[in-house]
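What follows is a short report on a single structure.
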Amino acid sequence: MSTVHGGPSRLDGPPASSAPIAGQRTDESGTATASPDVPVRADGIELIGETKGSGYREPPSLVRRADGQAIQLTRLLYLVLEAIDGRRSVESIAEQASSRFGKMVSADNVRTLINSQLLPLGLLRLADGSQPGVKKADPLLGMRFRYTVTDPDRTRKLTTPFNVLFNPLIVVAVCAAFLATCWWVLMVKGLGSATHDAFANPGMVILVLVVTVLSAGFHEFGHAAAARRGGATPGAMGAGLYLIWPAFFTDVTDSYRLGRGGRIRTDLGGLYFNAIVAVAIMGIWWATGFDALLLVVVTQVLQMVRQLLPLVRFDGYHILADATGVPDLFQRIKPTLLGLLPWRRTAPEAQVLKPWARAVVTLWVLVTVPLLLFSLALMVVSLPRLLGTAWAGVLEQQSLLSDSLSAGDIAGAAVRALAIAAVALPVVGIFYILLRLVRQLTTWLWQKTRGKAVQRGAAIAVVAAVAAGLAWAWWPGEDTYRPVQPYERGTLADVTTALFPTAASATLREGQAGKTVALWPAGSAKPTREQPRLSMVLVPRADSATSAADGDGDAAAPPSWVFPFDRPAAPEEGDSQALAVNTQDGSVVYDVAFALVWAEDGEPVDTTNEAYAFASCTDCAAVAVGFQVVLIVGQADVIVPENLSAAANYNCVRCLTYAVASQLVLTLDGPLSEDGMARLNALWAEIAEFGRNLQNVPLSEIQERLNAFKAQVTLIVQSDPSATKGAGTTATPSSTASPSTGATSGASSGPSSGSSPAPSGTTTATPAPSGTTMAGTGGAVTDGPSATTEPTEAAPAPATSAPGG
């Protein structure tokens, strides 16, 4: 429930009709007729007087018409209207105004003011003695569909008993009790049991709602009673629609007779009565023990917080207006914005406020206008999702309503009906606000461009562009009207990404919002939060060797994992793995892992040699080469080395992925001699140098060079008497290569050396078979040299080599 109370504002437009000077005379039958020189006020005109504590340099005077519209007048206009009593002529009115104004006012001046100001404002009768037709201000952020419940006399009678509550001692006691109540409920007791009791018993939910609604009405009693406490006379009370919610209102325009303190007390009176309700509910809870009642305390706090917002016509708005002495802040938006222009700072309309009041109002305008525009834009953009969510909510509540009616649960059915109304009302209100805004802007543009063909054409073009933008934002799409899900954050960054997906970074990183693509087999159901399916994991690769290869000491940004299959597990101790992942267009990525492994002392030999090359980019390449030599000295009971390779393209255009894993496993009868070790070390240094400069080797020669190295290692072992003093040396080489090229939407991999890529469109990578298992002697494991390169430009950077431990 929103609650607002009345305040003065200017008339937005002229009345429906205007006429020359009006007056009256009485004929023989006693009927009042018009007299050209004796003007008469319209019926119901109330002279409120000059605003006290005004923020204007020249304080305005207030007048209220019979329709409740309050109007600000200059002091001279007010004095002329005050002098019009239905008996004085224009000359007598001029004399009366001159004596009160302190300056000479002629009869012609009075006639001009009457014809140009007072008659158009609907403050005087027409020449024929009839009441003027007036047009009441209808601002966009004003209350609609007002329905008056009490007249001013009844309001005064109803609020008289509450005047005593504004005794200073009672105010202090209530405020202290309210603060203690809030602290105990929110910080000590908590709302868990209250929420459980309320939803376990639908009748308690209805009770909480009814008390909340009644407290909103009681809030208005606080405004009226505070006005009476200060000496003002409150007007009518009733209900209407403000923005998108039902609201109560109280006419306290008469409080402008009071000073600044009296007006602020009137504004705070409603919040004070909310505090009284919270304290009273706390007392009822103390007596009954119904925890659900504590929710009313929370609703009162929420109402008070919302009422203090100064952006729309809630209590906070009126508090700010009365504190600055500027009755209608919204009327000051246009003059304030124009006054910020360098050439308009000294314009008369920008100088009507006192300096301090102008500073406060300017700050309010600079905060309020952007927030209101942002709220409006967000309302327009998010309307499709809100509609989808509202429709889903209504369908769910309707199903629960049917279940409640079938079970005879009247209280539960009432709660569901209220829930449906609560879901539908904001959507209806949004449409109403947008329609009113469109109508007002269209009418304003049409009137401003009347007789101006060029300007009207430009206005039509702007309206057409706005209509096209709305059609684009609201056009039905796959996700346009998708209901909001509970796991969605709804942050500003998410909204920006949803509106401008191309603005998101092309390379996703951990913790960053954005979009990517997941492929699912045709005809299969898409995953949901309730029924998830394995898709992808965005895990940036952190590799210290990569930053070392860059040569500048700064860690390069690791590529994100955007492939629809799991990232290969990290290598364990004694294993070697080359993993080349490229997601940057126009670049080449190399990853090389060379290792020499010694096994002895009879321990299991289960080393793994892996090479993976994955790419998701355009005009790019990823090359992974894994080379491992395993030398088993003596007897080993378990020898299960593995040799794996995979190459995959995913959403790739003109790209190349190449992975080769080459493994050599040899069993030796004994350790190498000193000469054999020297020859092996010299050969391994040559192999390491080959790995460091692998980016300069054509892909077609890599496999051949690795096979040549295998042959040389085998020759060194076989020609060493110390290693072959028994039955001889057994060599079991194993090599797999997985090339993949072209533009694919999926992954491709090869199971063996020289194999062709897998068909385009698949989404899994198949590793190559492992190396051969052999029986023999074995022992400790030692890693040999390894090399890794991962340049980010098209020209590969030099590789680095570091011996393993």
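Within each chain, counting starts at residue 1; across the structure tokens, chains are named A, B, ... in the order shown, with ligands numbered 1 upward in that order.
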Practice prompt. Using DSSP on the backbone, list every residue of segment 602-729 of chain A that comes out as helix (DSSP H, G or I), and give them as a ChimeraX atom specification.
Written response: /A:674-692,694-696,699-718
Same residues, N, CA and C atoms, output as a CSV table (one decimal), in the first residue's frame:
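Below is the file selection_33.csv, written as the result:
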```
chain,number,residue,atom,x,y,z
A,674,GLU,N,79.4,-45.7,-18.2
A,674,GLU,CA,79.7,-44.3,-18.2
A,674,GLU,C,79.6,-43.8,-19.6
A,675,ASP,N,80.2,-44.5,-20.6
A,675,ASP,CA,80.2,-44.1,-22.0
A,675,ASP,C,78.8,-44.1,-22.5
A,676,GLY,N,78.0,-45.1,-22.1
A,676,GLY,CA,76.6,-45.1,-22.6
A,676,GLY,C,75.8,-43.9,-22.0
A,677,MET,N,76.0,-43.6,-20.7
A,677,MET,CA,75.3,-42.4,-20.1
A,677,MET,C,75.7,-41.1,-20.8
A,678,ALA,N,77.0,-41.0,-21.1
A,678,ALA,CA,77.5,-39.8,-21.8
A,678,ALA,C,76.8,-39.6,-23.1
A,679,ARG,N,76.7,-40.7,-23.9
A,679,ARG,CA,76.1,-40.7,-25.2
A,679,ARG,C,74.6,-40.4,-25.1
A,680,LEU,N,73.9,-40.9,-24.1
A,680,LEU,CA,72.5,-40.7,-23.9
A,680,LEU,C,72.2,-39.2,-23.4
A,681,ASN,N,73.1,-38.7,-22.6
A,681,ASN,CA,72.9,-37.3,-22.1
A,681,ASN,C,73.1,-36.4,-23.3
A,682,ALA,N,74.1,-36.7,-24.2
A,682,ALA,CA,74.4,-35.8,-25.3
A,682,ALA,C,73.2,-35.9,-26.3
A,683,LEU,N,72.6,-37.1,-26.5
A,683,LEU,CA,71.4,-37.2,-27.3
A,683,LEU,C,70.2,-36.5,-26.7
A,684,TRP,N,70.1,-36.6,-25.4
A,684,TRP,CA,68.9,-35.9,-24.8
A,684,TRP,C,69.0,-34.4,-24.9
A,685,ALA,N,70.2,-33.9,-24.8
A,685,ALA,CA,70.4,-32.5,-25.0
A,685,ALA,C,70.0,-32.0,-26.4
A,686,GLU,N,70.3,-32.9,-27.4
A,686,GLU,CA,69.8,-32.6,-28.7
A,686,GLU,C,68.3,-32.7,-28.8
A,687,ILE,N,67.7,-33.7,-28.1
A,687,ILE,CA,66.3,-33.8,-28.2
A,687,ILE,C,65.6,-32.5,-27.5
A,688,ALA,N,66.2,-32.1,-26.3
A,688,ALA,CA,65.6,-30.9,-25.7
A,688,ALA,C,65.7,-29.7,-26.5
A,689,GLU,N,66.8,-29.5,-27.3
A,689,GLU,CA,67.0,-28.4,-28.2
A,689,GLU,C,65.9,-28.5,-29.3
A,690,PHE,N,65.7,-29.7,-29.7
A,690,PHE,CA,64.6,-29.9,-30.7
A,690,PHE,C,63.3,-29.4,-30.2
A,691,GLY,N,63.0,-29.7,-28.9
A,691,GLY,CA,61.7,-29.3,-28.3
A,691,GLY,C,61.6,-27.8,-28.2
A,692,ARG,N,62.8,-27.2,-27.8
A,692,ARG,CA,62.7,-25.7,-27.7
A,692,ARG,C,62.4,-25.0,-29.0
A,694,LEU,N,60.7,-26.4,-31.6
A,694,LEU,CA,59.8,-27.2,-32.3
A,694,LEU,C,58.8,-26.3,-33.2
A,695,GLN,N,58.6,-25.0,-32.8
A,695,GLN,CA,57.7,-24.2,-33.6
A,695,GLN,C,58.3,-23.9,-35.0
A,696,ASN,N,59.6,-24.1,-35.1
A,696,ASN,CA,60.2,-23.9,-36.4
A,696,ASN,C,60.3,-25.1,-37.3
A,699,LEU,N,55.1,-29.4,-39.5
A,699,LEU,CA,54.4,-30.4,-38.8
A,699,LEU,C,54.6,-31.8,-39.5
A,700,SER,N,54.8,-31.8,-40.8
A,700,SER,CA,55.0,-33.0,-41.5
A,700,SER,C,56.3,-33.7,-41.1
A,701,GLU,N,57.3,-33.0,-40.4
A,701,GLU,CA,58.6,-33.6,-40.1
A,701,GLU,C,58.6,-34.0,-38.6
A,702,ILE,N,57.7,-33.6,-37.8
A,702,ILE,CA,57.8,-33.8,-36.3
A,702,ILE,C,57.8,-35.3,-36.0
A,703,GLN,N,56.8,-36.0,-36.6
A,703,GLN,CA,56.7,-37.5,-36.3
A,703,GLN,C,58.0,-38.2,-36.8
A,704,GLU,N,58.5,-37.8,-37.9
A,704,GLU,CA,59.7,-38.5,-38.4
A,704,GLU,C,60.9,-38.2,-37.5
A,705,ARG,N,61.1,-37.0,-37.0
A,705,ARG,CA,62.2,-36.7,-36.2
A,705,ARG,C,62.1,-37.4,-34.8
A,706,LEU,N,60.9,-37.6,-34.3
A,706,LEU,CA,60.7,-38.3,-33.1
A,706,LEU,C,61.0,-39.8,-33.2
A,707,ASN,N,60.6,-40.3,-34.3
A,707,ASN,CA,61.0,-41.7,-34.6
A,707,ASN,C,62.5,-41.9,-34.7
A,708,ALA,N,63.1,-40.9,-35.3
A,708,ALA,CA,64.6,-41.0,-35.4
A,708,ALA,C,65.3,-41.0,-34.0
A,709,PHE,N,64.7,-40.1,-33.1
A,709,PHE,CA,65.3,-40.1,-31.8
A,709,PHE,C,65.0,-41.4,-31.1
A,710,LYS,N,63.9,-42.0,-31.3
A,710,LYS,CA,63.6,-43.3,-30.7
A,710,LYS,C,64.7,-44.3,-31.1
A,711,ALA,N,64.9,-44.3,-32.4
A,711,ALA,CA,65.9,-45.3,-33.0
A,711,ALA,C,67.3,-45.0,-32.4
A,712,GLN,N,67.7,-43.8,-32.2
A,712,GLN,CA,69.0,-43.5,-31.6
A,712,GLN,C,69.1,-43.9,-30.1
A,713,VAL,N,68.0,-43.7,-29.4
A,713,VAL,CA,68.0,-44.1,-28.0
A,713,VAL,C,68.1,-45.7,-27.9
A,714,THR,N,67.4,-46.3,-28.8
A,714,THR,CA,67.4,-47.8,-28.8
A,714,THR,C,68.8,-48.3,-29.1
A,715,LEU,N,69.4,-47.6,-30.1
A,715,LEU,CA,70.8,-48.0,-30.5
A,715,LEU,C,71.8,-47.9,-29.4
A,716,ILE,N,71.7,-46.7,-28.6
A,716,ILE,CA,72.6,-46.5,-27.5
A,716,ILE,C,72.4,-47.6,-26.5
A,717,VAL,N,71.2,-48.0,-26.2
A,717,VAL,CA,71.0,-49.0,-25.1
A,717,VAL,C,71.5,-50.4,-25.6
A,718,GLN,N,71.1,-50.7,-26.9
A,718,GLN,CA,71.5,-52.0,-27.4
A,718,GLN,C,73.0,-52.2,-27.6
```
Item to complete: Please identify all polymer residues within 12 Å of segment 458-472 of chain A, counting only C-alpha atoms, omitting same-chain residues fewer than 2 positions from it, and present them as number ranges by chain.
Response: A: 377, 379-384, 434, 438-439, 441-450, 452-456, 474-477, 480, 499
Discussion item. Give me, as a VMD selection string, all polymer residues having an atom no more than 12 Å from Pro161 of chain A, counting only C-alpha atoms and skipping those fewer than 6 positions away in the same chain.
Written reply: chain A and resid 155 221 to 222 224 to 226 228 to 229
Just write the chosen residues, all heavy atoms, as a CSV table (one decimal), in the first residue's frame.
```
chain,number,residue,atom,x,y,z
A,155,THR,N,-13.4,14.2,8.8
A,155,THR,CA,-12.0,14.0,9.1
A,155,THR,C,-11.6,14.7,10.4
A,155,THR,O,-10.9,14.1,11.2
A,155,THR,CB,-11.1,14.6,7.9
A,155,THR,OG1,-11.5,13.9,6.7
A,155,THR,CG2,-9.7,14.4,8.2
A,221,PHE,N,-4.3,8.9,9.2
A,221,PHE,CA,-4.7,9.6,10.4
A,221,PHE,C,-3.6,10.3,11.1
A,221,PHE,O,-3.8,11.4,11.7
A,221,PHE,CB,-5.3,8.5,11.4
A,221,PHE,CG,-6.7,8.1,11.2
A,221,PHE,CD1,-7.1,7.5,10.0
A,221,PHE,CD2,-7.7,8.4,12.1
A,221,PHE,CE1,-8.4,7.1,9.7
A,221,PHE,CE2,-9.0,8.1,11.8
A,221,PHE,CZ,-9.4,7.4,10.7
A,222,GLY,N,-2.4,9.8,11.0
A,222,GLY,CA,-1.2,10.5,11.6
A,222,GLY,C,-1.0,11.8,10.9
A,222,GLY,O,-0.7,12.8,11.6
A,224,ALA,N,-3.3,13.7,9.4
A,224,ALA,CA,-4.4,14.6,9.7
A,224,ALA,C,-4.2,15.1,11.2
A,224,ALA,O,-4.4,16.3,11.5
A,224,ALA,CB,-5.7,13.9,9.5
A,225,ALA,N,-3.9,14.2,12.1
A,225,ALA,CA,-3.8,14.6,13.5
A,225,ALA,C,-2.6,15.5,13.7
A,225,ALA,O,-2.7,16.5,14.5
A,225,ALA,CB,-3.6,13.3,14.3
A,226,ALA,N,-1.5,15.3,13.0
A,226,ALA,CA,-0.4,16.2,13.1
A,226,ALA,C,-0.7,17.6,12.6
A,226,ALA,O,-0.3,18.6,13.2
A,226,ALA,CB,0.8,15.6,12.4
A,228,ARG,N,-3.7,19.0,12.6
A,228,ARG,CA,-4.6,19.6,13.6
A,228,ARG,C,-3.8,20.0,14.9
A,228,ARG,O,-4.1,21.1,15.5
A,228,ARG,CB,-5.7,18.6,14.1
A,228,ARG,CG,-6.7,18.3,13.0
A,228,ARG,CD,-8.1,18.1,13.6
A,228,ARG,NE,-8.5,19.2,14.4
A,228,ARG,CZ,-9.6,19.3,15.1
A,228,ARG,NH1,-10.3,18.2,15.3
A,228,ARG,NH2,-10.0,20.4,15.8
A,229,ARG,N,-2.8,19.2,15.2
A,229,ARG,CA,-2.0,19.6,16.4
A,229,ARG,C,-1.3,20.9,16.2
A,229,ARG,O,-1.1,21.7,17.1
A,229,ARG,CB,-0.9,18.5,16.6
A,229,ARG,CG,0.0,18.8,17.8
A,229,ARG,CD,-0.6,18.5,19.1
A,229,ARG,NE,0.3,18.8,20.2
A,229,ARG,CZ,0.0,18.5,21.5
A,229,ARG,NH1,-1.2,18.0,21.8
A,229,ARG,NH2,0.9,18.8,22.4
```
I want to know what sits within 10 Å of Ser92 of chain A, based on only C-alpha atoms, with residues of the same chain fewer than 3 positions away left out; could you give that as a PDB file with C-alpha atoms, in the first residue's frame?
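Contents of part.pdb, freshly written:
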```pdb
ATOM      1  CA  ASP A  37     -17.219  46.059 -13.015  1.00  0.00           C
ATOM      2  CA  VAL A  38     -17.836  43.830  -9.981  1.00  0.00           C
ATOM      3  CA  ALA A  83      -9.847  42.169  -2.454  1.00  0.00           C
ATOM      4  CA  ILE A  84     -12.507  40.633  -4.729  1.00  0.00           C
ATOM      5  CA  ARG A  87     -19.187  43.947  -3.872  1.00  0.00           C
ATOM      6  CA  ARG A  88     -16.116  45.990  -4.770  1.00  0.00           C
ATOM      7  CA  SER A  89     -15.699  47.468  -8.212  1.00  0.00           C
ATOM      8  CA  GLU A  95      -7.232  50.879  -4.215  1.00  0.00           C
ATOM      9  CA  GLN A  96      -7.344  47.971  -1.746  1.00  0.00           C
ATOM     10  CA  ALA A  97      -4.510  46.149  -3.514  1.00  0.00           C
ATOM     11  CA  SER A  98      -2.397  49.320  -3.715  1.00  0.00           C
ATOM     12  CA  SER A 106      -4.339  50.947 -11.344  1.00  0.00           C
ATOM     13  CA  ALA A 107      -7.778  49.716 -12.378  1.00  0.00           C
TER      14      ALA A 107
END
```
Worksheet item: Closest to Cys620 of chain A among A:Thr159, A:Thr346, A:Asn649, A:Asn643, using only C-alpha atoms?
Response: A:Asn649
